[in-house]
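Note: the block below is start.pdb and it holds PDB, C-alpha atoms.
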ATOM      1  CA  MET X   1     -59.987 -22.764 -33.362
ATOM      2  CA  ALA X   2     -59.662 -18.965 -33.495
ATOM      3  CA  GLN X   3     -57.123 -19.099 -30.670
ATOM      4  CA  ASP X   4     -55.096 -21.642 -32.664
ATOM      5  CA  LYS X   5     -55.189 -19.344 -35.678
ATOM      6  CA  ASN X   6     -53.996 -16.384 -33.624
ATOM      7  CA  ALA X   7     -51.235 -18.449 -32.034
ATOM      8  CA  GLN X   8     -50.122 -19.598 -35.488
ATOM      9  CA  MET X   9     -50.161 -16.002 -36.716
ATOM     10  CA  ARG X  10     -47.981 -14.942 -33.789
ATOM     11  CA  ASN X  11     -45.571 -17.811 -34.505
ATOM     12  CA  LEU X  12     -45.458 -16.747 -38.130
ATOM     13  CA  ILE X  13     -44.706 -13.138 -37.105
ATOM     14  CA  ALA X  14     -41.910 -14.360 -34.818
ATOM     15  CA  GLY X  15     -40.580 -16.423 -37.732
ATOM     16  CA  TYR X  16     -40.622 -13.427 -40.071
ATOM     17  CA  ARG X  17     -38.830 -11.257 -37.488
ATOM     18  CA  ASP X  18     -36.176 -13.957 -36.947
ATOM     19  CA  SER X  19     -35.606 -14.305 -40.685
ATOM     20  CA  MET X  20     -35.339 -10.532 -41.085
ATOM     21  CA  MET X  21     -32.812 -10.328 -38.268
ATOM     22  CA  LEU X  22     -30.735 -13.143 -39.796
ATOM     23  CA  SER X  23     -30.932 -11.487 -43.206
ATOM     24  CA  ASP X  24     -29.737  -8.187 -41.708
ATOM     25  CA  ILE X  25     -26.788  -9.875 -39.959
ATOM     26  CA  LYS X  26     -25.781 -11.626 -43.204
ATOM     27  CA  ALA X  27     -26.035  -8.376 -45.173
ATOM     28  CA  LEU X  28     -24.026  -6.418 -42.601
ATOM     29  CA  ILE X  29     -21.221  -8.987 -42.517
ATOM     30  CA  ALA X  30     -21.270  -9.129 -46.332
ATOM     31  CA  VAL X  31     -20.964  -5.347 -46.612
ATOM     32  CA  LEU X  32     -17.869  -5.438 -44.374
ATOM     33  CA  PHE X  33     -16.355  -8.312 -46.381
ATOM     34  CA  VAL X  34     -16.910  -6.483 -49.679
ATOM     35  CA  ALA X  35     -15.542  -3.192 -48.298
ATOM     36  CA  ILE X  36     -12.328  -4.932 -47.166
ATOM     37  CA  MET X  37     -12.080  -6.780 -50.508
ATOM     38  CA  MET X  38     -12.489  -3.553 -52.484
ATOM     39  CA  GLY X  39      -9.470  -2.010 -50.762
ATOM     40  CA  THR X  40      -7.361  -5.068 -51.560
ATOM     41  CA  VAL X  41      -8.516  -5.222 -55.190
ATOM     42  CA  LEU X  42      -7.927  -1.510 -55.821
ATOM     43  CA  GLN X  43      -4.462  -1.662 -54.285
ATOM     44  CA  TYR X  44      -3.163  -3.757 -57.241
ATOM     45  CA  ARG X  45      -4.952  -1.764 -59.950
ATOM     46  CA  ALA X  46      -1.684  -0.868 -61.726
ATOM     47  CA  GLN X  47      -0.908  -4.561 -62.425
ATOM     48  CA  TYR X  48      -4.252  -5.445 -64.026
ATOM     49  CA  PRO X  49      -4.676  -6.063 -67.776
ATOM     50  CA  TRP X  50      -5.970  -3.186 -69.912
ATOM     51  CA  TYR X  51      -9.504  -4.571 -70.203
ATOM     52  CA  LEU X  52     -10.006  -4.327 -66.436
ATOM     53  CA  SER X  53     -10.805  -0.619 -66.380
ATOM     54  CA  PRO X  54     -11.920   1.143 -63.164
ATOM     55  CA  LEU X  55     -15.507   0.885 -64.412
ATOM     56  CA  VAL X  56     -15.267  -2.903 -64.821
ATOM     57  CA  ILE X  57     -13.537  -3.362 -61.448
ATOM     58  CA  LEU X  58     -15.750  -1.067 -59.412
ATOM     59  CA  SER X  59     -19.190  -1.787 -60.945
ATOM     60  CA  PRO X  60     -19.795  -5.101 -59.128
ATOM     61  CA  PHE X  61     -18.662  -3.602 -55.818
ATOM     62  CA  LEU X  62     -21.020  -0.653 -56.191
ATOM     63  CA  ILE X  63     -23.978  -2.846 -57.211
ATOM     64  CA  ILE X  64     -23.309  -5.092 -54.200
ATOM     65  CA  TYR X  65     -23.108  -2.091 -51.845
ATOM     66  CA  LEU X  66     -26.347  -0.727 -53.218
ATOM     67  CA  SER X  67     -28.137  -4.071 -52.805
ATOM     68  CA  LEU X  68     -26.850  -4.588 -49.276
ATOM     69  CA  LEU X  69     -27.619  -1.044 -48.146
ATOM     70  CA  ILE X  70     -31.171  -1.377 -49.468
ATOM     71  CA  SER X  71     -31.403  -4.736 -47.691
ATOM     72  CA  VAL X  72     -30.504  -3.329 -44.267
ATOM     73  CA  TYR X  73     -32.345  -0.005 -44.639
ATOM     74  CA  PRO X  74     -34.609   0.257 -41.536
ATOM     75  CA  ARG X  75     -38.245  -0.426 -42.370
ATOM     76  CA  PHE X  76     -41.302  -0.904 -40.179
ATOM     77  CA  PRO X  77     -44.483  -2.369 -41.725
ATOM     78  CA  ARG X  78     -47.239   0.218 -42.233
ATOM     79  CA  ALA X  79     -49.870  -2.219 -40.976
ATOM     80  CA  GLY X  80     -48.145  -2.558 -37.615
ATOM     81  CA  ARG X  81     -47.511   1.147 -37.041
ATOM     82  CA  GLN X  82     -50.647   1.606 -34.951
ATOM     83  CA  ARG X  83     -49.511  -1.168 -32.605
ATOM     84  CA  PHE X  84     -45.830  -0.157 -32.662
ATOM     85  CA  PRO X  85     -45.749   3.640 -32.811
ATOM     86  CA  ILE X  86     -42.418   5.355 -33.385
ATOM     87  CA  TRP X  87     -43.086   8.940 -32.434
ATOM     88  CA  ARG X  88     -41.078  11.885 -31.320
ATOM     89  CA  ASN X  89     -42.150  13.094 -27.844
ATOM     90  CA  ALA X  90     -44.632  10.231 -27.426
ATOM     91  CA  ASP X  91     -47.035  10.612 -24.521
ATOM     92  CA  PRO X  92     -47.812   7.727 -22.128
ATOM     93  CA  LYS X  93     -51.526   8.280 -22.959
ATOM     94  CA  ASP X  94     -50.806   7.338 -26.582
ATOM     95  CA  PHE X  95     -50.235   3.777 -25.436
ATOM     96  CA  ASP X  96     -53.765   3.063 -24.207
ATOM     97  CA  PHE X  97     -54.286   1.003 -27.369
ATOM     98  CA  VAL X  98     -52.209  -1.839 -25.894
ATOM     99  CA  ALA X  99     -55.217  -2.850 -23.761
ATOM    100  CA  ASP X 100     -57.358  -3.344 -26.894
ATOM    101  CA  THR X 101     -56.770  -7.034 -27.651
ATOM    102  CA  GLU X 102     -59.380  -7.364 -30.387
ATOM    103  CA  ALA X 103     -57.749  -4.684 -32.514
ATOM    104  CA  GLU X 104     -54.437  -6.492 -32.085
ATOM    105  CA  LEU X 105     -55.933  -9.807 -33.238
ATOM    106  CA  GLU X 106     -57.590  -8.129 -36.220
ATOM    107  CA  GLY X 107     -54.272  -6.579 -37.204
ATOM    108  CA  LEU X 108     -52.263  -9.831 -37.154
ATOM    109  CA  PRO X 109     -52.889 -10.890 -40.811
ATOM    110  CA  ALA X 110     -52.021  -7.381 -42.066
ATOM    111  CA  LEU X 111     -48.845  -7.420 -39.958
ATOM    112  CA  CYS X 112     -47.910 -10.829 -41.411
ATOM    113  CA  ALA X 113     -48.410  -9.446 -44.920
ATOM    114  CA  GLY X 114     -46.300  -6.361 -44.155
ATOM    115  CA  LEU X 115     -43.465  -8.394 -42.649
ATOM    116  CA  SER X 116     -43.575 -10.827 -45.547
ATOM    117  CA  ARG X 117     -43.232  -7.929 -47.993
ATOM    118  CA  ILE X 118     -40.230  -6.508 -46.128
ATOM    119  CA  LEU X 119     -38.617  -9.951 -45.960
ATOM    120  CA  TRP X 120     -39.145 -10.417 -49.708
ATOM    121  CA  TRP X 121     -37.235  -7.181 -50.430
ATOM    122  CA  LYS X 122     -34.480  -8.062 -47.989
ATOM    123  CA  ASN X 123     -34.195 -11.519 -49.530
ATOM    124  CA  ILE X 124     -34.134 -10.359 -53.153
ATOM    125  CA  THR X 125     -31.499  -7.671 -52.497
ATOM    126  CA  LEU X 126     -29.344 -10.021 -50.392
ATOM    127  CA  LEU X 127     -29.639 -12.719 -53.067
ATOM    128  CA  THR X 128     -28.585 -10.236 -55.781
ATOM    129  CA  ALA X 129     -25.521  -9.238 -53.741
ATOM    130  CA  ASN X 130     -24.600 -12.864 -52.952
ATOM    131  CA  LEU X 131     -25.018 -14.102 -56.529
ATOM    132  CA  LEU X 132     -23.024 -11.182 -57.901
ATOM    133  CA  SER X 133     -20.258 -11.824 -55.340
ATOM    134  CA  ILE X 134     -20.118 -15.511 -56.314
ATOM    135  CA  ALA X 135     -20.054 -14.635 -60.022
ATOM    136  CA  CYS X 136     -17.245 -12.111 -59.456
ATOM    137  CA  LEU X 137     -15.214 -14.615 -57.431
ATOM    138  CA  ALA X 138     -15.614 -17.178 -60.227
ATOM    139  CA  ALA X 139     -14.591 -14.570 -62.819
ATOM    140  CA  ALA X 140     -11.572 -13.579 -60.690
ATOM    141  CA  LEU X 141     -10.560 -17.248 -60.429
ATOM    142  CA  VAL X 142     -10.756 -17.681 -64.212
ATOM    143  CA  LEU X 143      -8.822 -14.447 -64.833
ATOM    144  CA  VAL X 144      -6.090 -15.426 -62.376
ATOM    145  CA  PHE X 145      -5.536 -18.739 -64.188
ATOM    146  CA  VAL X 146      -5.800 -17.180 -67.662
ATOM    147  CA  GLY X 147      -3.044 -14.728 -66.694
ATOM    148  CA  TRP X 148      -0.916 -17.525 -65.191
ATOM    149  CA  LEU X 149      -1.185 -19.861 -68.198
TER     150      LEU X 149
ATOM    151  CA  MET E   1     -65.714  -3.270 -28.208
ATOM    152  CA  ASN E   2     -62.505  -3.346 -26.250
ATOM    153  CA  LYS E   3     -61.862  -6.574 -24.442
ATOM    154  CA  PRO E   4     -60.004  -6.003 -21.147
ATOM    155  CA  LEU E   5     -56.810  -7.976 -20.796
ATOM    156  CA  ALA E   6     -56.346 -10.507 -18.019
ATOM    157  CA  ASN E   7     -52.880  -9.070 -17.329
ATOM    158  CA  PRO E   8     -52.458  -5.680 -19.014
ATOM    159  CA  ALA E   9     -48.878  -5.354 -17.751
ATOM    160  CA  GLN E  10     -47.925  -8.372 -19.878
ATOM    161  CA  ALA E  11     -48.991  -6.656 -23.118
ATOM    162  CA  TYR E  12     -46.979  -3.549 -22.250
ATOM    163  CA  ARG E  13     -43.953  -5.666 -21.439
ATOM    164  CA  GLY E  14     -44.260  -7.286 -24.874
ATOM    165  CA  LEU E  15     -44.279  -3.877 -26.516
ATOM    166  CA  ILE E  16     -41.279  -2.747 -24.434
ATOM    167  CA  ALA E  17     -39.421  -5.893 -25.522
ATOM    168  CA  GLY E  18     -40.234  -5.003 -29.144
ATOM    169  CA  TYR E  19     -38.860  -1.495 -28.726
ATOM    170  CA  THR E  20     -35.716  -2.745 -26.976
ATOM    171  CA  GLU E  21     -35.092  -5.248 -29.770
ATOM    172  CA  ALA E  22     -35.589  -2.576 -32.469
ATOM    173  CA  ILE E  23     -33.223  -0.200 -30.641
ATOM    174  CA  ARG E  24     -30.577  -2.932 -30.331
ATOM    175  CA  ALA E  25     -30.926  -3.836 -34.033
ATOM    176  CA  SER E  26     -30.576  -0.175 -34.950
ATOM    177  CA  ASP E  27     -27.388   0.161 -32.864
ATOM    178  CA  PHE E  28     -25.930  -2.987 -34.406
ATOM    179  CA  LYS E  29     -26.580  -1.693 -37.927
ATOM    180  CA  ALA E  30     -25.018   1.657 -37.064
ATOM    181  CA  ASN E  31     -21.906  -0.032 -35.625
ATOM    182  CA  ILE E  32     -21.358  -2.119 -38.743
ATOM    183  CA  ALA E  33     -22.146   0.850 -40.994
ATOM    184  CA  PHE E  34     -19.390   2.749 -39.174
ATOM    185  CA  LEU E  35     -16.860   0.057 -40.066
ATOM    186  CA  PHE E  36     -18.100  -0.075 -43.664
ATOM    187  CA  VAL E  37     -17.779   3.689 -44.147
ATOM    188  CA  ALA E  38     -14.348   3.715 -42.489
ATOM    189  CA  PHE E  39     -13.055   0.995 -44.844
ATOM    190  CA  MET E  40     -14.560   2.790 -47.835
ATOM    191  CA  MET E  41     -13.020   6.102 -46.852
ATOM    192  CA  GLY E  42      -9.582   4.451 -46.810
ATOM    193  CA  SER E  43     -10.067   3.033 -50.311
ATOM    194  CA  VAL E  44     -11.388   6.321 -51.679
ATOM    195  CA  LEU E  45      -8.652   8.518 -50.174
ATOM    196  CA  TRP E  46      -5.941   6.055 -51.227
ATOM    197  CA  ASN E  47      -6.928   6.625 -54.866
ATOM    198  CA  TYR E  48      -7.619  10.333 -54.533
ATOM    199  CA  THR E  49      -4.809  11.301 -56.937
ATOM    200  CA  SER E  50      -6.660   9.555 -59.803
ATOM    201  CA  PHE E  51      -9.846  11.551 -59.250
ATOM    202  CA  PRO E  52     -10.997  14.220 -61.757
ATOM    203  CA  SER E  53     -10.258  17.870 -60.990
ATOM    204  CA  TYR E  54     -13.931  18.732 -60.350
ATOM    205  CA  LEU E  55     -13.912  16.507 -57.244
ATOM    206  CA  PRO E  56     -12.092  18.502 -54.546
ATOM    207  CA  ILE E  57     -11.148  16.720 -51.344
ATOM    208  CA  GLN E  58     -13.770  18.689 -49.369
ATOM    209  CA  LEU E  59     -16.548  17.417 -51.631
ATOM    210  CA  VAL E  60     -15.243  13.842 -51.427
ATOM    211  CA  LEU E  61     -15.066  13.945 -47.630
ATOM    212  CA  LEU E  62     -18.422  15.651 -47.041
ATOM    213  CA  PRO E  63     -20.648  12.539 -47.419
ATOM    214  CA  PHE E  64     -18.297  10.471 -45.237
ATOM    215  CA  LEU E  65     -18.402  13.069 -42.481
ATOM    216  CA  THR E  66     -22.195  13.402 -42.775
ATOM    217  CA  VAL E  67     -22.621   9.632 -42.438
ATOM    218  CA  TYR E  68     -20.234   9.525 -39.460
ATOM    219  CA  PHE E  69     -22.194  12.304 -37.796
ATOM    220  CA  SER E  70     -25.538  10.531 -38.368
ATOM    221  CA  LEU E  71     -24.182   7.250 -37.052
ATOM    222  CA  PHE E  72     -22.720   8.922 -33.957
ATOM    223  CA  MET E  73     -26.162  10.419 -33.355
ATOM    224  CA  VAL E  74     -27.666   6.911 -33.572
ATOM    225  CA  LEU E  75     -25.175   5.477 -31.100
ATOM    226  CA  ILE E  76     -25.135   8.296 -28.577
ATOM    227  CA  PRO E  77     -26.405   6.850 -25.245
ATOM    228  CA  ARG E  78     -29.791   8.284 -24.272
ATOM    229  CA  TYR E  79     -31.423   8.122 -20.849
ATOM    230  CA  PRO E  80     -34.256  10.703 -20.952
ATOM    231  CA  LYS E  81     -35.169  12.517 -17.758
ATOM    232  CA  ARG E  82     -38.838  11.549 -17.862
ATOM    233  CA  GLY E  83     -37.964   7.838 -17.607
ATOM    234  CA  ALA E  84     -35.170   8.358 -15.098
ATOM    235  CA  LYS E  85     -37.368   7.656 -12.074
ATOM    236  CA  THR E  86     -37.557   3.932 -12.801
ATOM    237  CA  PHE E  87     -34.184   3.508 -14.502
ATOM    238  CA  ILE E  88     -31.757   5.431 -12.359
ATOM    239  CA  VAL E  89     -28.280   5.953 -13.770
ATOM    240  CA  ALA E  90     -26.325   7.796 -11.098
ATOM    241  CA  ARG E  91     -23.153   7.730  -9.077
ATOM    242  CA  ASN E  92     -23.202   6.658  -5.406
ATOM    243  CA  LEU E  93     -26.542   4.839  -5.355
ATOM    244  CA  THR E  94     -27.586   2.802  -2.315
ATOM    245  CA  PRO E  95     -29.699  -0.374  -2.224
ATOM    246  CA  ALA E  96     -32.492   1.739  -0.735
ATOM    247  CA  ASP E  97     -32.768   3.618  -4.031
ATOM    248  CA  PHE E  98     -34.113   0.467  -5.661
ATOM    249  CA  GLU E  99     -36.926  -0.289  -3.252
ATOM    250  CA  PHE E 100     -39.386   1.284  -5.675
ATOM    251  CA  VAL E 101     -38.836  -1.616  -8.106
ATOM    252  CA  ALA E 102     -41.231  -3.994  -6.338
ATOM    253  CA  GLN E 103     -43.881  -1.262  -6.083
ATOM    254  CA  THR E 104     -43.821  -0.160  -9.728
ATOM    255  CA  VAL E 105     -43.174  -3.473 -11.482
ATOM    256  CA  ASP E 106     -46.858  -3.940 -12.494
ATOM    257  CA  ASP E 107     -47.820  -0.277 -12.662
ATOM    258  CA  VAL E 108     -49.445   0.187 -16.078
ATOM    259  CA  GLU E 109     -48.908   3.947 -16.048
ATOM    260  CA  GLN E 110     -45.208   3.385 -15.492
ATOM    261  CA  LEU E 111     -45.088   0.842 -18.312
ATOM    262  CA  LYS E 112     -46.852   3.304 -20.615
ATOM    263  CA  LEU E 113     -44.234   5.909 -19.751
ATOM    264  CA  THR E 114     -41.459   3.419 -20.562
ATOM    265  CA  CYS E 115     -43.151   2.719 -23.936
ATOM    266  CA  ALA E 116     -43.308   6.457 -24.663
ATOM    267  CA  VAL E 117     -39.645   6.970 -23.740
ATOM    268  CA  LEU E 118     -38.502   4.018 -25.858
ATOM    269  CA  SER E 119     -40.660   5.124 -28.802
ATOM    270  CA  ASP E 120     -39.027   8.558 -28.617
ATOM    271  CA  ILE E 121     -35.527   7.048 -28.510
ATOM    272  CA  LEU E 122     -36.319   4.715 -31.435
ATOM    273  CA  TRP E 123     -37.700   7.652 -33.447
ATOM    274  CA  TRP E 124     -34.403   9.535 -33.157
ATOM    275  CA  LYS E 125     -32.343   6.468 -33.926
ATOM    276  CA  THR E 126     -34.473   5.611 -36.971
ATOM    277  CA  GLN E 127     -34.303   9.135 -38.388
ATOM    278  CA  CYS E 128     -30.517   9.375 -37.934
ATOM    279  CA  ILE E 129     -29.778   5.915 -39.326
ATOM    280  CA  ARG E 130     -32.039   6.624 -42.318
ATOM    281  CA  VAL E 131     -30.113   9.828 -43.059
ATOM    282  CA  GLY E 132     -26.808   7.911 -42.874
ATOM    283  CA  PHE E 133     -28.057   5.081 -45.100
ATOM    284  CA  LEU E 134     -29.691   7.402 -47.628
ATOM    285  CA  VAL E 135     -26.488   9.458 -47.963
ATOM    286  CA  ALA E 136     -24.528   6.212 -48.464
ATOM    287  CA  ILE E 137     -26.995   4.895 -51.081
ATOM    288  CA  VAL E 138     -27.071   8.217 -52.970
ATOM    289  CA  CYS E 139     -23.244   8.378 -52.944
ATOM    290  CA  VAL E 140     -22.938   4.832 -54.312
ATOM    291  CA  LEU E 141     -25.369   5.774 -57.103
ATOM    292  CA  LEU E 142     -23.452   9.001 -57.829
ATOM    293  CA  THR E 143     -20.180   7.054 -57.962
ATOM    294  CA  MET E 144     -21.705   4.696 -60.531
ATOM    295  CA  VAL E 145     -22.861   7.644 -62.650
ATOM    296  CA  LEU E 146     -19.447   9.347 -62.391
ATOM    297  CA  LEU E 147     -17.650   6.120 -63.312
ATOM    298  CA  LEU E 148     -19.842   5.687 -66.392
ATOM    299  CA  TYR E 149     -19.326   9.342 -67.323
ATOM    300  CA  ALA E 150     -15.533   9.088 -66.881
ATOM    301  CA  SER E 151     -15.381   5.867 -68.934
ATOM    302  CA  PHE E 152     -17.525   6.923 -71.885
ATOM    303  CA  ALA E 153     -17.238  10.728 -72.014
TER     304      ALA E 153
END

Translate the structure described by the file into structure tokens.
Amino acid sequence: MAQDKNAQMRNLIAGYRDSMMLSDIKALIAVLFVAIMMGTVLQYRAQYPWYLSPLVILSPFLIIYLSLLISVYPRFPRAGRQRFPIWRNADPKDFDFVADTEAELEGLPALCAGLSRILWWKNITLLTANLLSIACLAAALVLVFVGWL
Amino acid sequence: MNKPLANPAQAYRGLIAGYTEAIRASDFKANIAFLFVAFMMGSVLWNYTSFPSYLPIQLVLLPFLTVYFSLFMVLIPRYPKRGAKTFIVARNLTPADFEFVAQTVDDVEQLKLTCAVLSDILWWKTQCIRVGFLVAIVCVLLTMVLLLYASFA
């Protein structure tokens, strides 16, 4: 029973790590897409109507950049730091803890909680950036047709 | 009480895999961040003539150059000397140089050393990438403040 629980915890941790990796890839591709789009949008600034001031044009880009940069900012859960030390000049003796299986099993729920928290932040920031991008594309579509008609 | 592992080498290999994955993820982020900053620098410099007088070109370029420097530091290839015995990177090697592999494959002390080396490498990468990302985040925030100031002042 306990073994099942530990196996499920490990599966859950693998799931969280996979989701975080996917979220990071999405955010990194999105940041490139938005950076390329910003160049294109700014290039035609002189032809925009008066109400599209630099503040109005650039604000969504900057909010998206901020969200995506926060999303991909490297984070390691505090609960897992004892089992995954990131130290300068680490000594091989510092890694004796790996042999302690009971401490690892005790730390699994805390690690799950830490990873879940990180994933929540990644998800909320990525969602903000995606929703804002969609809203801006819709607004651009409307503005293009308003100007044409 | 510590429970001895049936195969301690396996646990160390798991940890090494974790470090390798984190290092690879860090490199990937740094590579994409490079492209992002390069695209942004183009857009910013293209519109430099519209910038206010209190933003000299040196000040505008400083954060870009700092981020480039940090990201180069992340991506610089590292093969520390203390781990070089089991991961030889040299010119003119012979097959005989790799006979140690079978002898050290399950050596826990060797695996601990690999963990220490990878932890050290990941520490440097994490610090440098954090500097690059923090500079980028702060600059985006500053740009927002400056835009608001320029629009409403």

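Within 8 Å of Pro8 (chain E), once all atoms listed in the file are used and residues closer than 6 positions along the same chain are dropped, the contacting residues are X:Val98, X:Ala99, E:Val108.
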
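For the structure in this document, the set picked by the PyMOL selection byres ((chain E and resi 40-47) around 8) is Ala35, Met38, Gly39 and Leu42 of chain X; Phe36, Val37, Ala38, Phe39, Tyr48, Thr49, Ser50, Phe51 and Phe64 of chain E.
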
Evaluate the PyMOL selection byres ((chain E and resi 117) around 9) and report residues as a ChimeraX atom specification: /X:89-92 /E:79-80,82-83,112-116,118-122

Distance of CA of Tyr16 (chain X) from CA of Asp4 (chain X), expressed in Å to one decimal place: 18.2 Å

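We find CA of Val144 (chain X) and CA of Pro54 (chain X) to be spaced 17.6 Å apart.
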
Residue list for chain X near chain E as a count of residues only, 8 Å, all atoms listed in the file: 40

Close residues, region 9-11 of chain X itself excluded, 10 Å, all atoms listed in the file, min 3 positions apart in chain, as a ChimeraX atom specification: /X:3-6,14-17,105,108-109,111-112

Exercise: region 122-139 of chain X partners within 8 Å, all atoms listed in the file, chain neighbours under 5 positions left out, as an mmCIF file with C-alpha atoms, in the coordinates of the input:
data_model
loop_
_atom_site.group_PDB
_atom_site.id
_atom_site.type_symbol
_atom_site.label_atom_id
_atom_site.label_comp_id
_atom_site.auth_asym_id
_atom_site.auth_seq_id
_atom_site.Cartn_x
_atom_site.Cartn_y
_atom_site.Cartn_z
ATOM 1 C CA MET X 20 -35.339 -10.532 -41.085
ATOM 2 C CA SER X 23 -30.932 -11.487 -43.206
ATOM 3 C CA ASP X 24 -29.737 -8.187 -41.708
ATOM 4 C CA ALA X 27 -26.035 -8.376 -45.173
ATOM 5 C CA PRO X 60 -19.795 -5.101 -59.128
ATOM 6 C CA ILE X 63 -23.978 -2.846 -57.211
ATOM 7 C CA ILE X 64 -23.309 -5.092 -54.200
ATOM 8 C CA TYR X 65 -23.108 -2.091 -51.845
ATOM 9 C CA SER X 67 -28.137 -4.071 -52.805
ATOM 10 C CA LEU X 68 -26.850 -4.588 -49.276
ATOM 11 C CA ILE X 70 -31.171 -1.377 -49.468
ATOM 12 C CA SER X 71 -31.403 -4.736 -47.691
ATOM 13 C CA VAL X 72 -30.504 -3.329 -44.267
#

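Picture a line from CA of Ser116 (chain X) to CA of Ile13 (chain X); it runs 8.8 Å.
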
Around all of region 72-86 of chain X's listed atoms, make the axis-aligned box with 6 Å on each side and tell me centre and edge lengths in Å to one decimal, as JSON.
{"center_x": -40.6, "center_y": 1.0, "center_z": -38.6, "size_x": 32.1, "size_y": 20.7, "size_z": 24.0}
